[in-house]
Amino acid sequence: MPFSDFHGNVETLHRLRDMLARERFPHAVILAGARGAGKYTLALMLAQALNCLNPRKTDGLPDFCGECANCRRIAQASDLDSRCGEAVEAREALRETDKKETRLFIQTHPDVLIIPPDPPQMMIKVDQVRRVIETIYYRPSEARERVYIFTDSAFMKEAANSLLKVLEEPPEFATIFLLSENSGELLPTIRSRSMIFQLEALTVDEVDSYLAKHRPEWKAAQRALVARLCEGALGRARSFDLDGYTAARGDALAILNSALLAGEHTQLFKITETYRAGAEGRDKTEQLLRTLYSLLRDLMFLGAGTPELIHNSDIRNQLTKLAESADFEWITAASDRLAEVERGMRRNLLRSLSLDALGLALEKAG
Ligand SMILES: [Zn+2]
């Protein structure tokens, strides 16, 4: 997978590769961008480029082969979610006392260490940074450059302070990547010792043409829908659960229909009954609420006379019909009710009941 497989953010990629070419690659790099923007993909590609055994040039700039032993082993870490899942499982299998002292790492190459946030708090902990300090001052064994990739910027305070000490005196042969959805979370002193690169959202057209190649089984209207919903993040577009979304949207539409048009609740109760207790029901309910927000937002755009901004463009006719009965005040009241249901979920109120209440309340609001 050479750099030509990285989509979008052409200028940023060019700058990074140019620094590789001049052998002036920084010791600490912050890759900032939304979830799914390609931060991790890019960090792994750069780790490969720093260590490829058969380095090559494309477009006059350094590239990697994707085939040598270093490239291949680094690429084995590319499915971050699965690797994290395995690491968590391995830890769960340990004895209780060992479990407490074991921190999460992903390592598929001896000189490349990936540090994910450690559950259950999902933060980088001081013991994880300690592992970095213990190894970073030794020359790499099979690579040219030791690489550390922190996949999240939520650091416990002590962990952030330890990292800062490393950044004050990094060795010649090490590079640290900090991936961040919000680089403001990082200590200013960490930011000032790093070079920050922002990965921007791709345009709807860019995502659409990527999907045309990589998800040929999707119809044009489905691709256009996903391209809008993923907000320019290719990682989210690629792994988008279209079936799950379509199912949730069917339920959300039925709830809105019952509130705005039907005035009859059998259908509503039938749907809410399928939202049960437990973790699975929670995920399903959360997706329903997200979808309801997205439909309300579209109704707002239709009401405002800006139909080109709607996300659910494949069901424009249905939404237009609903929009005729939903004025601005109703939409605002409905959004408030949704927020109430979300709060109720955090207090573990029965989901089916709060969804019933939601459906009925929306009707009263109208
Ligand atoms: Zn290679």
# chains A, B, ... in the order shown; residues from 1 in each chain; ligands from 1

$ closest_atom_pairs --of "chain A" --to "ligand 1" --cutoff "10 Å" --atoms "only C-alpha atoms and all ligand atoms" --output "tab-separated table"
residue	atom	partner	partner_atom_place_in_ligand_line	distance
A:Met1	CA	ligand 1	1 (Zn)	9.6
A:Pro2	CA	ligand 1	1 (Zn)	9.2
A:Gln48	CA	ligand 1	1 (Zn)	6.5
A:Ala49	CA	ligand 1	1 (Zn)	7.2
A:Leu50	CA	ligand 1	1 (Zn)	9.3
A:Asn51	CA	ligand 1	1 (Zn)	7.1
A:Cys52	CA	ligand 1	1 (Zn)	3.6
A:Leu53	CA	ligand 1	1 (Zn)	5.0
A:Asn54	CA	ligand 1	1 (Zn)	5.1
A:Pro55	CA	ligand 1	1 (Zn)	6.1
A:Arg56	CA	ligand 1	1 (Zn)	8.7
A:Asp63	CA	ligand 1	1 (Zn)	8.7
A:Phe64	CA	ligand 1	1 (Zn)	5.0
A:Cys65	CA	ligand 1	1 (Zn)	4.0
A:Gly66	CA	ligand 1	1 (Zn)	4.7
A:Glu67	CA	ligand 1	1 (Zn)	5.1
A:Cys68	CA	ligand 1	1 (Zn)	4.1
A:Ala69	CA	ligand 1	1 (Zn)	6.8
A:Asn70	CA	ligand 1	1 (Zn)	5.9
A:Cys71	CA	ligand 1	1 (Zn)	4.3
A:Arg72	CA	ligand 1	1 (Zn)	7.2
A:Arg73	CA	ligand 1	1 (Zn)	9.7
A:Ile74	CA	ligand 1	1 (Zn)	9.5

$ select_by_dssp --residues "region 100-336 of chain A" --states "strand (DSSP E or B)" --output "VMD selection string"
chain A and resid 106 to 109 112 to 115 118 123 to 124 146 to 150 155 174 to 180 195 to 198

$ closest_atom_pairs --of "region 17-56 of chain A" --to "region 217-231 of chain A" --cutoff "10 Å" --atoms "only C-alpha atoms" --output "Markdown table"
| residue | atom | partner | partner_atom | distance |
| --- | --- | --- | --- | --- |
| A:Ala34 | CA | A:Glu231 | CA | 9.0 |
| A:Arg35 | CA | A:Cys230 | CA | 9.6 |
| A:Gly36 | CA | A:Cys230 | CA | 8.6 |
| A:Ala37 | CA | A:Glu231 | CA | 9.4 |

$ residues_around --residues "region 146-155 of chain A" --least-positions-apart "4" --cutoff "6 Å" --atoms "only C-alpha atoms" --output "list in words"
Asp111, Val112, Leu113, Ile114, Ile115, Pro116, Met123, Ile124, Pro140, Ala159, Ala160, Ala174, Thr175, Ile176, Phe177, Leu178, Leu179 and Ser180 of chain A

$ write_last_selection --atoms "N, CA, C and O atoms" --output "JSON list (two decimals), in the first residue's frame"
[["chain", "number", "residue", "atom", "x", "y", "z"],
["A", 111, "ASP", "N", 10.38, -2.72, 16.44],
["A", 111, "ASP", "CA", 10.75, -1.32, 16.65],
["A", 111, "ASP", "C", 9.60, -0.34, 16.48],
["A", 111, "ASP", "O", 9.80, 0.86, 16.50],
["A", 112, "VAL", "N", 8.41, -0.88, 16.29],
["A", 112, "VAL", "CA", 7.24, 0.00, 16.11],
["A", 112, "VAL", "C", 6.22, -0.35, 17.19],
["A", 112, "VAL", "O", 5.69, -1.46, 17.21],
["A", 113, "LEU", "N", 5.96, 0.60, 18.09],
["A", 113, "LEU", "CA", 5.04, 0.34, 19.19],
["A", 113, "LEU", "C", 3.81, 1.24, 19.06],
["A", 113, "LEU", "O", 3.94, 2.46, 18.90],
["A", 114, "ILE", "N", 2.64, 0.62, 19.12],
["A", 114, "ILE", "CA", 1.40, 1.37, 19.01],
["A", 114, "ILE", "C", 0.72, 1.39, 20.37],
["A", 114, "ILE", "O", 0.57, 0.34, 21.01],
["A", 115, "ILE", "N", 0.35, 2.57, 20.81],
["A", 115, "ILE", "CA", -0.17, 2.73, 22.16],
["A", 115, "ILE", "C", -1.61, 3.24, 22.08],
["A", 115, "ILE", "O", -1.85, 4.42, 21.83],
["A", 116, "PRO", "N", -2.60, 2.37, 22.30],
["A", 116, "PRO", "CA", -4.00, 2.80, 22.28],
["A", 116, "PRO", "C", -4.44, 3.26, 23.66],
["A", 116, "PRO", "O", -3.77, 2.95, 24.66],
["A", 123, "MET", "N", -8.02, 6.03, 28.40],
["A", 123, "MET", "CA", -7.02, 7.10, 28.43],
["A", 123, "MET", "C", -5.63, 6.47, 28.36],
["A", 123, "MET", "O", -5.46, 5.30, 28.69],
["A", 124, "ILE", "N", -4.66, 7.27, 27.90],
["A", 124, "ILE", "CA", -3.27, 6.81, 27.91],
["A", 124, "ILE", "C", -2.76, 6.91, 29.34],
["A", 124, "ILE", "O", -2.89, 7.98, 29.97],
["A", 140, "PRO", "N", 17.27, 1.11, 17.21],
["A", 140, "PRO", "CA", 16.34, 0.09, 16.69],
["A", 140, "PRO", "C", 17.10, -1.15, 16.24],
["A", 140, "PRO", "O", 18.25, -1.06, 15.82],
["A", 159, "ALA", "N", 0.82, 10.75, 32.82],
["A", 159, "ALA", "CA", 1.29, 10.20, 31.55],
["A", 159, "ALA", "C", 1.73, 11.33, 30.63],
["A", 159, "ALA", "O", 2.78, 11.25, 29.97],
["A", 160, "ALA", "N", 0.96, 12.41, 30.59],
["A", 160, "ALA", "CA", 1.30, 13.55, 29.74],
["A", 160, "ALA", "C", 2.62, 14.17, 30.19],
["A", 160, "ALA", "O", 3.48, 14.50, 29.37],
["A", 174, "ALA", "N", 14.35, 8.19, 16.71],
["A", 174, "ALA", "CA", 12.97, 7.85, 17.09],
["A", 174, "ALA", "C", 11.99, 8.90, 16.60],
["A", 174, "ALA", "O", 12.31, 10.09, 16.51],
["A", 175, "THR", "N", 10.81, 8.44, 16.25],
["A", 175, "THR", "CA", 9.73, 9.34, 15.85],
["A", 175, "THR", "C", 8.47, 8.98, 16.63],
["A", 175, "THR", "O", 8.12, 7.80, 16.73],
["A", 176, "ILE", "N", 7.83, 10.00, 17.18],
["A", 176, "ILE", "CA", 6.59, 9.78, 17.94],
["A", 176, "ILE", "C", 5.43, 10.43, 17.18],
["A", 176, "ILE", "O", 5.52, 11.61, 16.80],
["A", 177, "PHE", "N", 4.40, 9.65, 16.94],
["A", 177, "PHE", "CA", 3.18, 10.20, 16.34],
["A", 177, "PHE", "C", 2.10, 10.29, 17.42],
["A", 177, "PHE", "O", 1.87, 9.34, 18.17],
["A", 178, "LEU", "N", 1.46, 11.44, 17.46],
["A", 178, "LEU", "CA", 0.32, 11.62, 18.37],
["A", 178, "LEU", "C", -0.91, 11.87, 17.50],
["A", 178, "LEU", "O", -0.95, 12.84, 16.76],
["A", 179, "LEU", "N", -1.87, 10.97, 17.58],
["A", 179, "LEU", "CA", -3.08, 11.13, 16.77],
["A", 179, "LEU", "C", -4.16, 11.78, 17.64],
["A", 179, "LEU", "O", -4.32, 11.40, 18.80],
["A", 180, "SER", "N", -4.85, 12.73, 17.08],
["A", 180, "SER", "CA", -5.75, 13.49, 17.92],
["A", 180, "SER", "C", -6.97, 14.00, 17.16],
["A", 180, "SER", "O", -6.85, 14.55, 16.08]]

$ select_by_dssp --residues "region 59-95 of chain A" --states "alpha helix (DSSP H)" --output "PyMOL selection string"
chain A and resi 69-75+80-92

$ write_last_selection --atoms "all heavy atoms" --output "compact mmCIF listing (two decimals), in the first residue's frame"
# COMPACT_ATOMS: atom_id res chain seq x y z
N ALA A 69 10.06 -7.05 4.52
CA ALA A 69 9.71 -7.57 5.84
C ALA A 69 9.24 -6.45 6.77
O ALA A 69 8.27 -6.62 7.51
CB ALA A 69 10.91 -8.30 6.45
N ASN A 70 9.92 -5.31 6.74
CA ASN A 70 9.50 -4.20 7.62
C ASN A 70 8.11 -3.68 7.24
O ASN A 70 7.25 -3.50 8.09
CB ASN A 70 10.53 -3.08 7.57
CG ASN A 70 11.74 -3.37 8.44
OD1 ASN A 70 11.71 -4.33 9.24
ND2 ASN A 70 12.80 -2.60 8.29
N CYS A 71 7.91 -3.41 5.95
CA CYS A 71 6.61 -2.90 5.50
C CYS A 71 5.49 -3.87 5.88
O CYS A 71 4.45 -3.47 6.41
CB CYS A 71 6.59 -2.69 3.98
SG CYS A 71 7.40 -1.18 3.45
N ARG A 72 5.73 -5.14 5.63
CA ARG A 72 4.66 -6.11 5.87
C ARG A 72 4.32 -6.23 7.35
O ARG A 72 3.16 -6.27 7.73
CB ARG A 72 5.04 -7.49 5.30
CG ARG A 72 4.62 -7.65 3.82
CD ARG A 72 4.74 -9.06 3.32
NE ARG A 72 6.14 -9.46 3.24
CZ ARG A 72 6.70 -10.38 4.02
NH1 ARG A 72 5.99 -11.00 4.93
NH2 ARG A 72 7.98 -10.68 3.88
N ARG A 73 5.35 -6.29 8.18
CA ARG A 73 5.05 -6.44 9.61
C ARG A 73 4.35 -5.19 10.18
O ARG A 73 3.46 -5.30 10.99
CB ARG A 73 6.34 -6.74 10.39
CG ARG A 73 6.69 -8.23 10.32
CD ARG A 73 7.88 -8.54 11.15
NE ARG A 73 9.08 -7.90 10.57
CZ ARG A 73 10.26 -7.87 11.16
NH1 ARG A 73 10.42 -8.41 12.36
NH2 ARG A 73 11.28 -7.29 10.57
N ILE A 74 4.78 -4.02 9.72
CA ILE A 74 4.11 -2.80 10.20
C ILE A 74 2.65 -2.79 9.73
O ILE A 74 1.74 -2.46 10.49
CB ILE A 74 4.87 -1.54 9.72
CG1 ILE A 74 6.25 -1.48 10.37
CG2 ILE A 74 4.07 -0.27 10.06
CD1 ILE A 74 7.19 -0.45 9.78
N ALA A 75 2.43 -3.23 8.50
CA ALA A 75 1.06 -3.22 7.96
C ALA A 75 0.14 -4.19 8.70
O ALA A 75 -1.08 -4.03 8.67
CB ALA A 75 1.08 -3.55 6.46
N LEU A 80 -6.79 -1.50 13.31
CA LEU A 80 -6.60 -1.08 14.70
C LEU A 80 -7.64 -1.66 15.65
O LEU A 80 -7.31 -2.14 16.73
CB LEU A 80 -6.59 0.45 14.77
CG LEU A 80 -6.38 1.07 16.15
CD1 LEU A 80 -5.04 0.67 16.74
CD2 LEU A 80 -6.49 2.59 16.09
N ASP A 81 -8.91 -1.64 15.22
CA ASP A 81 -9.97 -2.13 16.11
C ASP A 81 -9.78 -3.61 16.47
O ASP A 81 -9.91 -3.99 17.64
CB ASP A 81 -11.35 -1.95 15.46
CG ASP A 81 -11.75 -0.48 15.47
OD1 ASP A 81 -11.13 0.29 16.22
OD2 ASP A 81 -12.68 -0.11 14.71
N SER A 82 -9.46 -4.41 15.47
CA SER A 82 -9.26 -5.85 15.74
C SER A 82 -8.06 -6.07 16.64
O SER A 82 -8.11 -6.87 17.58
CB SER A 82 -9.04 -6.62 14.44
OG SER A 82 -10.09 -6.41 13.57
N ARG A 83 -6.93 -5.37 16.34
CA ARG A 83 -5.73 -5.55 17.17
C ARG A 83 -6.00 -5.13 18.61
O ARG A 83 -5.58 -5.79 19.55
CB ARG A 83 -4.55 -4.74 16.61
CG ARG A 83 -4.05 -5.15 15.24
CD ARG A 83 -3.37 -6.50 15.23
NE ARG A 83 -4.32 -7.56 14.93
CZ ARG A 83 -4.74 -7.89 13.71
NH1 ARG A 83 -4.29 -7.25 12.67
NH2 ARG A 83 -5.61 -8.86 13.53
N CYS A 84 -6.74 -4.03 18.80
CA CYS A 84 -7.06 -3.60 20.16
C CYS A 84 -7.94 -4.65 20.84
O CYS A 84 -7.71 -4.99 22.01
CB CYS A 84 -7.82 -2.27 20.15
SG CYS A 84 -6.77 -0.86 19.88
N GLY A 85 -8.91 -5.17 20.09
CA GLY A 85 -9.79 -6.19 20.64
C GLY A 85 -9.00 -7.41 21.11
O GLY A 85 -9.24 -7.93 22.21
N GLU A 86 -8.01 -7.82 20.31
CA GLU A 86 -7.18 -8.97 20.70
C GLU A 86 -6.38 -8.68 21.96
O GLU A 86 -6.26 -9.53 22.84
CB GLU A 86 -6.21 -9.31 19.56
CG GLU A 86 -6.87 -9.98 18.36
CD GLU A 86 -6.00 -9.93 17.12
OE1 GLU A 86 -4.79 -9.61 17.25
OE2 GLU A 86 -6.53 -10.17 16.02
N ALA A 87 -5.83 -7.46 22.02
CA ALA A 87 -5.02 -7.10 23.19
C ALA A 87 -5.88 -7.09 24.45
O ALA A 87 -5.45 -7.56 25.51
CB ALA A 87 -4.37 -5.73 22.97
N VAL A 88 -7.10 -6.59 24.34
CA VAL A 88 -8.00 -6.56 25.50
C VAL A 88 -8.35 -7.99 25.92
O VAL A 88 -8.31 -8.33 27.11
CB VAL A 88 -9.29 -5.77 25.18
CG1 VAL A 88 -10.32 -5.95 26.29
CG2 VAL A 88 -8.98 -4.30 24.99
N GLU A 89 -8.62 -8.84 24.92
CA GLU A 89 -8.95 -10.23 25.23
C GLU A 89 -7.80 -10.94 25.92
O GLU A 89 -8.01 -11.66 26.90
CB GLU A 89 -9.27 -10.97 23.93
CG GLU A 89 -10.70 -11.48 23.86
CD GLU A 89 -11.00 -11.99 22.47
OE1 GLU A 89 -10.41 -13.02 22.07
OE2 GLU A 89 -11.80 -11.33 21.78
N ALA A 90 -6.58 -10.72 25.41
CA ALA A 90 -5.41 -11.35 26.01
C ALA A 90 -5.28 -10.94 27.47
O ALA A 90 -4.95 -11.74 28.33
CB ALA A 90 -4.16 -10.98 25.22
N ARG A 91 -5.55 -9.67 27.73
CA ARG A 91 -5.44 -9.20 29.11
C ARG A 91 -6.53 -9.81 29.99
O ARG A 91 -6.28 -10.16 31.13
CB ARG A 91 -5.52 -7.67 29.16
CG ARG A 91 -5.43 -7.15 30.59
CD ARG A 91 -5.13 -5.69 30.67
NE ARG A 91 -6.25 -4.88 30.25
CZ ARG A 91 -6.21 -3.55 30.19
NH1 ARG A 91 -5.11 -2.91 30.50
NH2 ARG A 91 -7.26 -2.87 29.80
N GLU A 92 -7.73 -9.93 29.42
CA GLU A 92 -8.83 -10.53 30.19
C GLU A 92 -8.50 -11.95 30.63
O GLU A 92 -8.97 -12.43 31.66
CB GLU A 92 -10.12 -10.54 29.35
CG GLU A 92 -10.81 -9.19 29.25
CD GLU A 92 -11.04 -8.56 30.62
OE1 GLU A 92 -11.62 -9.26 31.48
OE2 GLU A 92 -10.62 -7.41 30.84

$ closest_residue --among "A:Gly8, A:Gly359, A:Gly60, A:Gly38" --to "Ser258 (chain A)" --atoms "only C-alpha atoms"
A:Gly359

$ atom_distance --atom1 "CA of Leu211 (chain A)" --atom2 "CA of Gln76 (chain A)"
23.6 Å

$ closest_residue --among "A:Asp356, A:Ala326, A:Glu280, A:Ile331" --to "Arg297 (chain A)" --atoms "only C-alpha atoms"
A:Ile331

$ atom_distance --atom1 "CA of Leu322 (chain A)" --atom2 "CA of Ala254 (chain A)"
10.9 Å

$ closest_residue --among "A:Asn257, A:Leu289, A:Ala252, A:Glu340" --to "Glu324 (chain A)" --atoms "only C-alpha atoms"
A:Asn257

$ closest_residue --among "A:Ala32, A:Val166, A:Thr12, A:Leu338" --to "Arg193 (chain A)" --atoms "only C-alpha atoms"
A:Val166

$ closest_residue --among "A:Met45, A:Ala323, A:Leu360, A:Lys125" --to "Arg337 (chain A)" --atoms "only C-alpha atoms"
A:Leu360

$ closest_residue --among "A:Leu295, A:Ala77, A:Ala47, A:Ile196" --to "Leu253 (chain A)" --atoms "only C-alpha atoms"
A:Leu295

$ atom_distance --atom1 "CA of Pro119 (chain A)" --atom2 "CA of Glu158 (chain A)"
16.8 Å

$ residues_around --residues "Met345 (chain A)" --least-positions-apart "6" --cutoff "12 Å" --atoms "only C-alpha atoms" --output "PyMOL selection string"
chain A and resi 275-279+281-283+285-286+289+338-339+351-355
